[in-house]
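Colleague: Okay, so here is run.cif, and as you'll see once you scroll down, it has mmCIF, C-alpha atoms.
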data_query
loop_
_atom_site.label_atom_id
_atom_site.label_comp_id
_atom_site.auth_asym_id
_atom_site.auth_seq_id
_atom_site.Cartn_x
_atom_site.Cartn_y
_atom_site.Cartn_z
CA MET R 1 0.00 0.00 0.00
CA VAL R 2 1.26 3.43 -0.87
CA MET R 3 1.11 5.87 1.99
CA SER R 4 0.55 9.56 1.34
CA THR R 5 0.77 12.45 3.67
CA VAL R 6 -1.68 15.31 3.29
CA GLU R 7 -0.72 18.62 4.76
CA VAL R 8 -3.48 21.18 5.10
CA ARG R 9 -2.45 24.81 5.32
CA GLY R 10 -4.39 27.98 5.66
CA GLN R 11 -3.55 29.23 2.17
CA GLY R 12 -3.97 26.03 0.20
CA ILE R 13 -3.48 22.27 -0.06
CA ARG R 14 -0.11 20.77 -0.88
CA LEU R 15 0.26 17.07 -1.84
CA THR R 16 3.68 15.47 -1.03
CA GLY R 17 5.14 12.38 -2.67
CA GLN R 18 3.67 13.25 -6.02
CA ASP R 19 3.90 16.14 -8.45
CA GLN R 20 3.18 19.25 -6.49
CA THR R 21 -0.33 20.45 -6.94
CA SER R 22 -1.96 23.25 -5.00
CA ILE R 23 -5.62 24.22 -4.88
CA THR R 24 -6.36 27.71 -3.63
CA PRO R 25 -9.86 28.18 -2.34
CA SER R 26 -11.88 31.36 -2.35
CA ARG R 27 -10.70 33.94 0.15
CA THR R 28 -13.98 33.72 2.02
CA THR R 29 -15.79 30.57 2.92
CA GLN R 30 -19.14 32.33 2.95
CA SER R 31 -20.81 33.51 -0.19
CA PRO R 32 -21.11 37.29 -0.34
CA ARG R 33 -24.65 38.55 -0.37
CA PHE R 34 -26.12 41.70 -1.89
CA ASN R 35 -29.24 42.82 -0.11
CA PRO R 36 -31.03 45.54 -2.06
CA PRO R 37 -33.20 47.85 -0.01
CA ARG R 38 -36.85 46.91 0.02
CA ASN R 39 -40.14 48.77 0.29
CA ARG R 40 -38.73 52.12 -0.68
CA THR R 41 -40.93 54.95 -1.77
CA PHE R 42 -39.45 56.85 -4.68
CA GLN R 43 -40.32 60.45 -5.33
CA ALA R 44 -39.05 62.26 -8.39
CA ASP R 45 -38.12 65.87 -8.09
CA PRO R 46 -40.41 68.11 -10.15
CA PRO R 47 -38.83 69.52 -13.27
CA SER R 48 -37.31 72.92 -12.80
CA ALA R 49 -39.74 75.74 -13.42
CA TYR R 50 -36.87 77.78 -14.78
CA SER R 51 -35.73 75.46 -17.56
CA ILE R 52 -35.31 77.00 -20.99
CA SER R 53 -38.16 74.96 -22.43
CA ALA R 54 -40.48 75.94 -19.59
CA LEU R 55 -39.65 79.61 -20.03
CA ARG R 56 -40.25 79.39 -23.77
CA LEU R 57 -43.56 77.65 -23.19
CA THR R 58 -44.59 80.36 -20.74
CA ALA R 59 -43.66 83.08 -23.23
CA GLY R 60 -45.59 81.26 -25.93
CA GLN R 61 -48.68 81.03 -23.74
CA GLN R 62 -48.46 84.76 -23.04
CA GLN R 63 -48.20 85.54 -26.74
CA ALA R 64 -51.14 83.24 -27.44
CA THR R 65 -53.19 85.17 -24.90
CA SER R 66 -52.21 88.45 -26.58
CA VAL R 67 -53.32 87.10 -29.95
CA GLN R 68 -56.65 85.99 -28.53
CA ILE R 69 -57.28 89.43 -27.03
CA ALA R 70 -56.30 91.09 -30.31
CA THR R 71 -58.57 88.79 -32.31
CA LYS R 72 -61.56 89.49 -30.07
CA THR R 73 -60.86 93.23 -30.24
CA LEU R 74 -60.67 93.23 -34.03
CA GLN R 75 -63.93 91.30 -34.27
CA VAL R 76 -65.71 93.87 -32.08
CA ALA R 77 -64.13 96.73 -34.05
CA GLY R 78 -65.29 95.18 -37.33
CA LYS R 79 -68.81 94.81 -35.96
CA GLU R 80 -68.99 98.48 -34.88
CA LEU R 81 -67.53 99.71 -38.17
CA THR R 82 -70.13 97.66 -40.04
CA HIS R 83 -72.89 99.34 -38.00
CA ILE R 84 -71.40 102.75 -38.81
CA LYS R 85 -71.21 101.96 -42.51
CA ARG R 86 -74.82 100.73 -42.56
CA SER R 87 -76.06 103.93 -40.88
CA LEU R 88 -74.06 106.15 -43.24
CA THR R 89 -75.31 104.23 -46.28
CA GLN R 90 -78.88 104.78 -45.14
CA ALA R 91 -78.13 108.48 -44.74
CA VAL R 92 -76.88 108.66 -48.35
CA THR R 93 -79.85 106.81 -49.83
CA GLN R 94 -82.64 108.14 -47.61
CA GLY R 95 -81.28 111.42 -46.34
CA VAL R 96 -79.87 112.35 -42.94
CA GLU R 97 -83.21 113.59 -41.64
CA ARG R 98 -84.96 110.30 -42.42
CA VAL R 99 -82.56 108.11 -40.46
CA PRO R 100 -83.73 108.13 -36.82
CA ASN R 101 -81.14 108.90 -34.14
CA LEU R 102 -78.32 108.89 -36.71
CA LYS R 103 -75.92 111.11 -34.78
CA GLU R 104 -76.55 109.28 -31.51
CA THR R 105 -75.98 105.91 -33.19
CA LEU R 106 -72.73 107.02 -34.81
CA THR R 107 -71.48 108.64 -31.60
CA ARG R 108 -72.27 105.51 -29.58
CA SER R 109 -70.46 103.27 -32.06
CA LYS R 110 -67.43 105.59 -32.10
CA MET R 111 -67.26 105.58 -28.29
CA GLN R 112 -67.50 101.80 -28.30
CA LEU R 113 -64.62 101.61 -30.77
CA ASP R 114 -62.42 103.92 -28.71
CA SER R 115 -63.17 102.03 -25.50
CA THR R 116 -62.56 98.63 -27.09
CA LEU R 117 -59.16 99.63 -28.45
CA GLU R 118 -58.13 101.34 -25.22
CA HIS R 119 -58.93 98.28 -23.10
CA ALA R 120 -57.41 95.77 -25.50
CA ARG R 121 -54.32 95.22 -23.37
CA PHE R 122 -52.19 92.40 -22.09
CA ASP R 123 -49.84 93.00 -19.20
CA GLY R 124 -50.66 96.70 -19.46
CA GLN R 125 -49.72 97.07 -23.14
CA ARG R 126 -51.99 97.65 -26.10
CA VAL R 127 -52.22 94.73 -28.55
CA VAL R 128 -54.09 96.61 -31.31
CA SER R 129 -53.18 100.12 -32.43
CA ASN R 130 -55.57 102.91 -33.38
CA GLU R 131 -54.74 102.03 -36.99
CA LEU R 132 -56.23 98.59 -36.22
CA LYS R 133 -52.86 96.92 -36.65
CA LEU R 134 -51.39 94.21 -34.44
CA GLN R 135 -48.70 95.39 -32.04
CA LEU R 136 -48.08 92.26 -29.99
CA ASN R 137 -44.43 92.89 -29.15
CA GLN R 138 -44.56 96.64 -28.82
CA GLY R 139 -45.76 99.10 -26.26
CA ASP R 140 -48.13 101.98 -26.91
CA LEU R 141 -46.37 103.98 -29.62
CA ARG R 142 -47.13 107.44 -30.93
CA ARG R 143 -45.87 108.90 -34.19
CA PHE R 144 -45.45 112.63 -34.68
CA SER R 145 -43.56 115.20 -36.72
CA VAL R 146 -42.18 118.70 -36.15
CA PRO R 147 -43.75 121.34 -38.43
CA GLY R 148 -41.17 122.60 -40.93
CA LEU R 149 -38.71 119.75 -40.37
CA ASN R 150 -38.74 118.41 -43.92
CA VAL R 151 -35.70 117.18 -45.87
CA GLN R 152 -37.14 118.53 -49.12
CA ARG R 153 -37.36 122.04 -47.74
CA LEU R 154 -34.36 124.25 -48.66
CA GLN R 155 -32.27 121.26 -49.72
CA ASP R 156 -29.42 123.45 -50.90
CA LYS R 157 -28.98 125.16 -47.52
CA ALA R 158 -26.55 123.76 -44.97
CA GLU R 159 -27.83 124.18 -41.44
CA GLN R 160 -27.41 122.77 -37.97
CA ILE R 161 -30.65 122.32 -36.03
CA ARG R 162 -30.98 121.62 -32.32
CA LEU R 163 -34.05 119.90 -30.88
CA ASP R 164 -34.70 120.29 -27.15
CA PHE R 165 -37.34 118.04 -25.65
CA PRO R 166 -39.21 118.90 -22.42
CA GLN R 167 -37.49 116.04 -20.53
CA GLY R 168 -34.23 118.01 -20.69
CA GLN R 169 -32.82 115.95 -23.57
CA SER R 170 -31.57 117.33 -26.86
CA VAL R 171 -30.18 116.20 -30.22
CA LEU R 172 -28.41 117.93 -33.11
CA MET R 173 -29.16 117.56 -36.80
CA GLN R 174 -26.76 118.59 -39.56
CA PHE R 175 -28.06 119.33 -43.08
CA ASP R 176 -25.09 119.53 -45.47
CA GLY R 177 -27.02 121.18 -48.33
CA ARG R 178 -25.91 118.50 -50.82
CA SER R 179 -27.44 115.10 -50.04
CA ASP R 180 -31.09 114.13 -50.11
CA GLY R 181 -31.33 114.14 -46.31
CA SER R 182 -31.71 110.38 -45.82
CA LYS R 183 -28.23 110.18 -44.25
CA THR R 184 -29.15 113.01 -41.89
CA VAL R 185 -32.28 111.14 -40.79
CA LYS R 186 -30.29 107.95 -40.18
CA MET R 187 -27.82 109.83 -37.99
CA LEU R 188 -30.73 111.46 -36.15
CA ASP R 189 -32.27 108.04 -35.58
CA ARG R 190 -29.05 106.79 -33.95
CA SER R 191 -28.96 109.86 -31.71
CA LEU R 192 -32.55 109.32 -30.59
CA ILE R 193 -32.19 105.65 -29.61
CA PRO R 194 -30.66 106.45 -26.17
CA LEU R 195 -33.62 108.78 -25.59
CA GLY R 196 -36.10 105.98 -26.25
CA MET R 197 -37.26 107.40 -29.59
CA ARG R 198 -36.77 106.64 -33.26
CA ALA R 199 -36.87 108.69 -36.48
CA SER R 200 -37.69 107.78 -40.05
CA LEU R 201 -38.23 109.52 -43.36
CA GLY R 202 -41.81 109.90 -44.53
CA SER R 203 -42.87 109.64 -48.16
CA ASP R 204 -43.57 113.39 -48.23
CA GLY R 205 -40.12 114.30 -46.89
CA ASN R 206 -41.27 114.92 -43.31
CA ILE R 207 -39.15 113.46 -40.53
CA VAL R 208 -41.45 111.20 -38.53
CA PHE R 209 -40.61 110.57 -34.86
CA GLU R 210 -41.76 107.59 -32.85
CA ALA R 211 -41.99 107.45 -29.06
CA THR R 212 -43.90 105.60 -26.39
CA ASP R 213 -47.26 107.02 -25.44
CA THR R 214 -45.90 107.90 -21.98
CA ALA R 215 -42.95 109.84 -23.43
CA TYR R 216 -45.24 111.57 -25.90
CA LYS R 217 -47.50 112.76 -23.11
CA GLN R 218 -44.49 114.02 -21.15
CA MET R 219 -43.57 116.23 -24.11
CA LYS R 220 -46.98 117.90 -23.79
CA GLN R 221 -46.93 118.19 -27.59
CA LYS R 222 -44.08 120.73 -27.40
CA VAL R 223 -40.48 120.82 -28.62
CA MET R 224 -37.86 123.59 -28.69
CA VAL R 225 -36.14 124.13 -32.06
CA THR R 226 -33.08 126.28 -32.77
CA GLY R 227 -31.76 126.78 -36.31
CA GLN R 228 -29.32 129.05 -38.14
CA GLY R 229 -31.76 131.25 -39.98
CA HIS R 230 -32.76 129.03 -42.90
CA ARG R 231 -35.29 126.40 -41.92
CA PHE R 232 -35.69 127.78 -38.41
CA PRO R 233 -34.74 131.14 -36.83
CA ALA R 234 -31.33 131.48 -35.22
CA GLY R 235 -30.67 132.59 -31.67
CA GLN R 236 -33.42 131.94 -29.18
CA ALA R 237 -35.15 128.56 -29.31
CA ASN R 238 -38.65 128.48 -30.76
CA THR R 239 -41.41 126.40 -29.20
CA LEU R 240 -43.26 124.34 -31.78
CA THR R 241 -46.35 122.18 -31.39
CA LEU R 242 -45.86 118.58 -32.39
CA LYS R 243 -48.05 117.31 -35.18
CA SER R 244 -49.54 113.90 -34.49
CA GLU R 245 -49.36 111.53 -37.42
CA PRO R 246 -52.58 109.85 -38.63
CA ASP R 247 -54.04 108.06 -35.62
CA GLY R 248 -56.59 105.80 -37.24
CA ILE R 249 -59.85 105.41 -35.35
CA ALA R 250 -59.00 108.31 -33.04
CA GLU R 251 -59.30 110.67 -36.01
CA LEU R 252 -62.52 109.21 -37.41
CA ARG R 253 -65.05 112.00 -37.89
CA PHE R 254 -68.54 111.98 -39.39
CA ASP R 255 -69.25 114.65 -41.98
CA LEU R 256 -73.03 114.63 -42.29
CA GLY R 257 -73.34 118.05 -43.89
CA SER R 258 -73.39 116.80 -47.48
CA ARG R 259 -73.59 113.66 -49.57
CA ASP R 260 -69.95 114.04 -50.59
CA GLY R 261 -68.95 114.34 -46.94
CA ILE R 262 -70.88 111.19 -46.06
CA LYS R 263 -69.35 109.30 -49.01
CA LYS R 264 -65.84 110.31 -47.94
CA THR R 265 -66.62 109.07 -44.44
CA ILE R 266 -67.88 105.77 -45.85
CA ALA R 267 -64.66 105.45 -47.87
CA LYS R 268 -62.65 105.98 -44.68
CA VAL R 269 -64.73 103.37 -42.85
CA ASN R 270 -64.12 100.92 -45.71
CA GLN R 271 -60.37 101.42 -45.31
CA HIS R 272 -60.66 100.60 -41.62
CA LEU R 273 -62.72 97.49 -42.41
CA GLN R 274 -60.09 96.32 -44.87
CA GLN R 275 -57.40 96.83 -42.23
CA VAL R 276 -59.47 94.82 -39.74
CA GLN R 277 -59.58 91.91 -42.21
CA VAL R 278 -55.83 92.11 -42.84
CA SER R 279 -55.08 92.14 -39.10
CA LEU R 280 -57.44 89.23 -38.45
CA ASP R 281 -55.67 87.17 -41.12
CA GLN R 282 -52.32 88.02 -39.54
CA ALA R 283 -53.62 87.05 -36.09
CA ARG R 284 -54.87 83.69 -37.35
CA SER R 285 -51.59 82.96 -39.11
CA TYR R 286 -49.59 84.01 -36.07
CA HIS R 287 -51.76 81.91 -33.77
CA SER R 288 -51.38 78.83 -35.99
CA GLU R 289 -47.60 79.20 -36.13
CA LEU R 290 -47.45 79.76 -32.39
CA ASN R 291 -49.46 76.60 -31.69
CA SER R 292 -47.08 74.60 -33.88
CA GLN R 293 -44.03 75.94 -32.05
CA MET R 294 -45.55 75.28 -28.63
CA GLN R 295 -46.48 71.71 -29.60
CA THR R 296 -42.87 71.09 -30.62
CA LEU R 297 -41.67 72.48 -27.29
CA ARG R 298 -44.09 70.26 -25.36
CA GLU R 299 -42.83 67.16 -27.18
CA GLN R 300 -39.24 68.13 -26.44
CA ASN R 301 -40.06 68.86 -22.81
CA GLN R 302 -41.68 65.52 -21.90
CA VAL R 303 -40.61 64.43 -18.38
CA LEU R 304 -41.32 61.11 -16.64
CA ALA R 305 -44.05 61.38 -14.05
CA VAL R 306 -43.37 60.42 -10.41
CA ASP R 307 -45.02 57.01 -10.80
CA GLY R 308 -43.04 56.41 -13.96
CA VAL R 309 -39.74 57.11 -12.18
CA ALA R 310 -40.71 54.74 -9.34
CA ASP R 311 -41.53 51.95 -11.82
CA LYS R 312 -38.16 52.43 -13.50
CA LEU R 313 -36.30 52.14 -10.20
CA GLU R 314 -38.26 49.04 -9.19
CA SER R 315 -37.27 47.38 -12.47
CA PHE R 316 -33.64 48.22 -11.73
CA TYR R 317 -33.88 46.53 -8.32
CA ALA R 318 -35.60 43.49 -9.87
CA ALA R 319 -32.71 43.18 -12.30
CA GLY R 320 -30.36 43.50 -9.33
CA ASP R 321 -32.04 40.53 -7.62
CA THR R 322 -31.56 38.37 -10.73
CA PHE R 323 -27.92 39.33 -10.94
CA THR R 324 -27.38 38.55 -7.25
CA SER R 325 -28.91 35.07 -7.57
CA THR R 326 -26.80 34.26 -10.60
CA TYR R 327 -23.66 35.55 -8.89
CA GLN R 328 -24.29 33.45 -5.78
CA ALA R 329 -24.82 30.29 -7.86
CA LEU R 330 -21.62 30.80 -9.78
CA ASN R 331 -19.71 31.58 -6.60
CA ALA R 332 -20.96 28.39 -4.94
CA GLN R 333 -19.78 26.29 -7.87
CA ALA R 334 -16.34 27.89 -7.83
CA ASN R 335 -15.95 27.70 -4.06
CA VAL R 336 -14.32 24.27 -3.43
CA ARG R 337 -14.28 23.48 0.28
CA ARG R 338 -11.20 22.02 2.00
CA HIS R 339 -12.95 19.02 3.45
CA THR R 340 -14.37 18.12 0.02
CA VAL R 341 -10.87 17.98 -1.44
CA VAL R 342 -9.58 15.90 1.47
CA ALA R 343 -12.42 13.39 1.13
CA LEU R 344 -11.85 12.99 -2.58
CA LEU R 345 -8.17 12.27 -2.11
CA ARG R 346 -8.62 9.51 0.40
#
Output the file's structure in the form of structure tokens.
Modeller:
Amino acid sequence: MVMSTVEVRGQGIRLTGQDQTSITPSRTTQSPRFNPPRNRTFQADPPSAYSISALRLTAGQQQATSVQIATKTLQVAGKELTHIKRSLTQAVTQGVERVPNLKETLTRSKMQLDSTLEHARFDGQRVVSNELKLQLNQGDLRRFSVPGLNVQRLQDKAEQIRLDFPQGQSVLMQFDGRSDGSKTVKMLDRSLIPLGMRASLGSDGNIVFEATDTAYKQMKQKVMVTGQGHRFPAGQANTLTLKSEPDGIAELRFDLGSRDGIKKTIAKVNQHLQQVQVSLDQARSYHSELNSQMQTLREQNQVLAVDGVADKLESFYAAGDTFTSTYQALNAQANVRRHTVVALLR
């Protein structure tokens, strides 16, 4: 009988008398366990209210509200203008005296128009101008000109003109007597920007200024002008009254003294009705485009709900359980115990 000696050590098993073979067991005799936490309640943080997408959606909703207010205003304005046109048409065909309460009806419709446009506001700003045009991204603007300030007047005369506004602000204009004046107006426009105003060249050569309604009221329709003796007197500044540019509905008057006067008024009302239709078409187009943009933003801004996040985490833990079971089974197969080896070798 062949005798063999088995020596068991802490780090492995060495067999003597034969080729040396060592078996190194796992470092731990117990299988490691991974115990995932159970019965947890998951709560997802709400998406930030200040994300870019959220801000853009909020801005889009505000613009949509402005368009809705403008659309409703234009519809009411169109209705009142239609009533005015019908009354004026009756006056032409039947005579002013034969139309009962004509003046009262026209006055009431005009007051309704003025009130509707004045109260058509969003966040304190008008959304429809007196010209019945959309002004969704603008404040209340007023356009005006200074009498005598025309680039076609005395074109061959070089002159420096100083404009002093009641707020204590002033600008200089330089006519060189050679150019058509468009360059002068552009330079004036740049000078007015820091003052919160703009300038442009009208088709008739007048320089048209644009300012907010608040700034216009602060001017009290006055401006101080100093020239060099050509377009305006030299020396002491002259106070001139600002001339308001056409102000749409605010300037609508009813000339009932003659048939020609009534016809001219009807023609003016027709122009306003045409502008109402144009603005309504623009509002519908703008609203449609805005809805498309907001829908795109909503699709890009989809966030998992709280329950959805909890379900996702539960699935992760379920996958963790499967992994743990598999790992333990493999570890058990690879973990050869010392006493098993000893028994096999006997």
Colleague: So, with all atoms listed in the file as the atoms that count, which of R:Arg231, R:Arg162, R:Lys263, R:Lys85 lies closest to R:Pro147?
Modeller: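 Nearest to R:Pro147: R:Arg231.
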Colleague: Counting only C-alpha atoms, which residue out of R:Thr71, R:Gln63, R:Asn238, R:Ser203 sits closest to R:Val278?
Modeller: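 Selected residue with least distance to R:Val278: R:Thr71.
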Colleague: Selection in question (the file shown): the PyMOL selection byres ((chain R and resi 172) around 12). Which residues does it include, as a list in words?
Modeller: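 Matching residues under the PyMOL selection byres ((chain R and resi 172) around 12) are Glu159, Gln160, Ile161, Arg162, Leu163, Asp164, Phe165, Gln169, Ser170, Val171, Met173, Gln174, Phe175, Thr184, Val185, Met187, Leu188, Asp189, Arg190, Ser191, Leu192, Met224, Val225, Thr226 and Gly227 of chain R.
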Colleague: With the file shown as input, list the residues that the PyMOL selection byres ((chain R and resi 176-178) around 8) selects, as a list in words.
Modeller: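 Applied to this file, the PyMOL selection byres ((chain R and resi 176-178) around 8) returns Leu154, Gln155, Asp156, Lys157, Ala158, Glu159, Gln174, Phe175, Ser179 and Asp180 of chain R.
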Colleague: Leaving out R:Ala215 and any residue of its chain fewer than 4 positions from it, which residues lie within 10 Å of it when counting all atoms listed in the file, given as a PyMOL selection string?
Modeller: chain R and resi 141-142+166-167+195-197+210-211+219-220
Colleague: Generate a file of the selected residues that holds C-alpha atoms, formatted as a CSV table (one decimal), in the coordinates of the input.
Modeller:
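Wrote selection_20.csv, looks like this:
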chain,number,residue,atom,x,y,z
R,141,LEU,CA,-46.4,104.0,-29.6
R,142,ARG,CA,-47.1,107.4,-30.9
R,166,PRO,CA,-39.2,118.9,-22.4
R,167,GLN,CA,-37.5,116.0,-20.5
R,195,LEU,CA,-33.6,108.8,-25.6
R,196,GLY,CA,-36.1,106.0,-26.2
R,197,MET,CA,-37.3,107.4,-29.6
R,210,GLU,CA,-41.8,107.6,-32.8
R,211,ALA,CA,-42.0,107.4,-29.1
R,219,MET,CA,-43.6,116.2,-24.1
R,220,LYS,CA,-47.0,117.9,-23.8
Colleague: Using all atoms listed in the file, can you list as a VMD selection string the residues within 12 Å of (-59.7, 92.4, -21.2)?
Modeller: chain R and resid 65 to 66 68 to 73 115 to 127
Colleague: Select, from R:Arg98, R:Lys103, R:Thr93, R:Gly168, the residue with the minimum atom-to-atom distance to R:Asp255, counting only C-alpha atoms.
Modeller: R:Lys103
Colleague: Which residues, written as a ChimeraX atom specification, have at least one atom at most 12 Å from R:Val269, with all atoms listed in the file counted and residues fewer than 3 positions away on the same chain left out?
Modeller: /R:77-89,106,110,131-132,248-249,251-254,262-266,272-276
Colleague: Please measure the separation of atom CA of R:Thr241 and atom CA of R:Gln221, giving the value in Å to one decimal.
Modeller: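 We find that atom CA of R:Thr241 and atom CA of R:Gln221 lie 5.5 Å from each other.
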Colleague: Between atom CA of R:Gly181 and atom CA of R:Ile207, what is the spacing in Å?
Modeller: 9.7 Å
Colleague: In Å, with one decimal, what is the gap from atom CA of R:Thr105 to atom CA of R:Asn130?
Modeller: 20.6 Å
Colleague: If we draw a sphere of 10 Å around (-40.0, 108.6, -39.9), which residues have at least one atom in it when counting only C-alpha atoms? Please report them as a count of residues only.
Modeller: 18
Colleague: Would you list the contacts of R:Ser288 as number ranges by chain, taking every protein, DNA or RNA residue within 12 Å and counting all atoms listed in the file, but skipping same-chain residues closer than 4 positions in sequence?
Modeller: R: 60, 63-64, 67-68, 281-284, 292-295
Colleague: Can you work out which one of R:Gln135, R:Thr296, R:Gln277, R:Ser129 has the shortest atom-to-atom distance to R:Pro246, counting all atoms listed in the file?
Modeller: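 Smallest distance to R:Pro246 is found for R:Ser129.
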Colleague: Name the closest residue to R:Leu149 among the candidates R:Gln94, R:Leu290, R:Tyr216, R:Asp204; distances are taken between atoms, counting all atoms listed in the file.
Modeller: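 Closest residue, counting all atoms listed in the file: R:Asp204.
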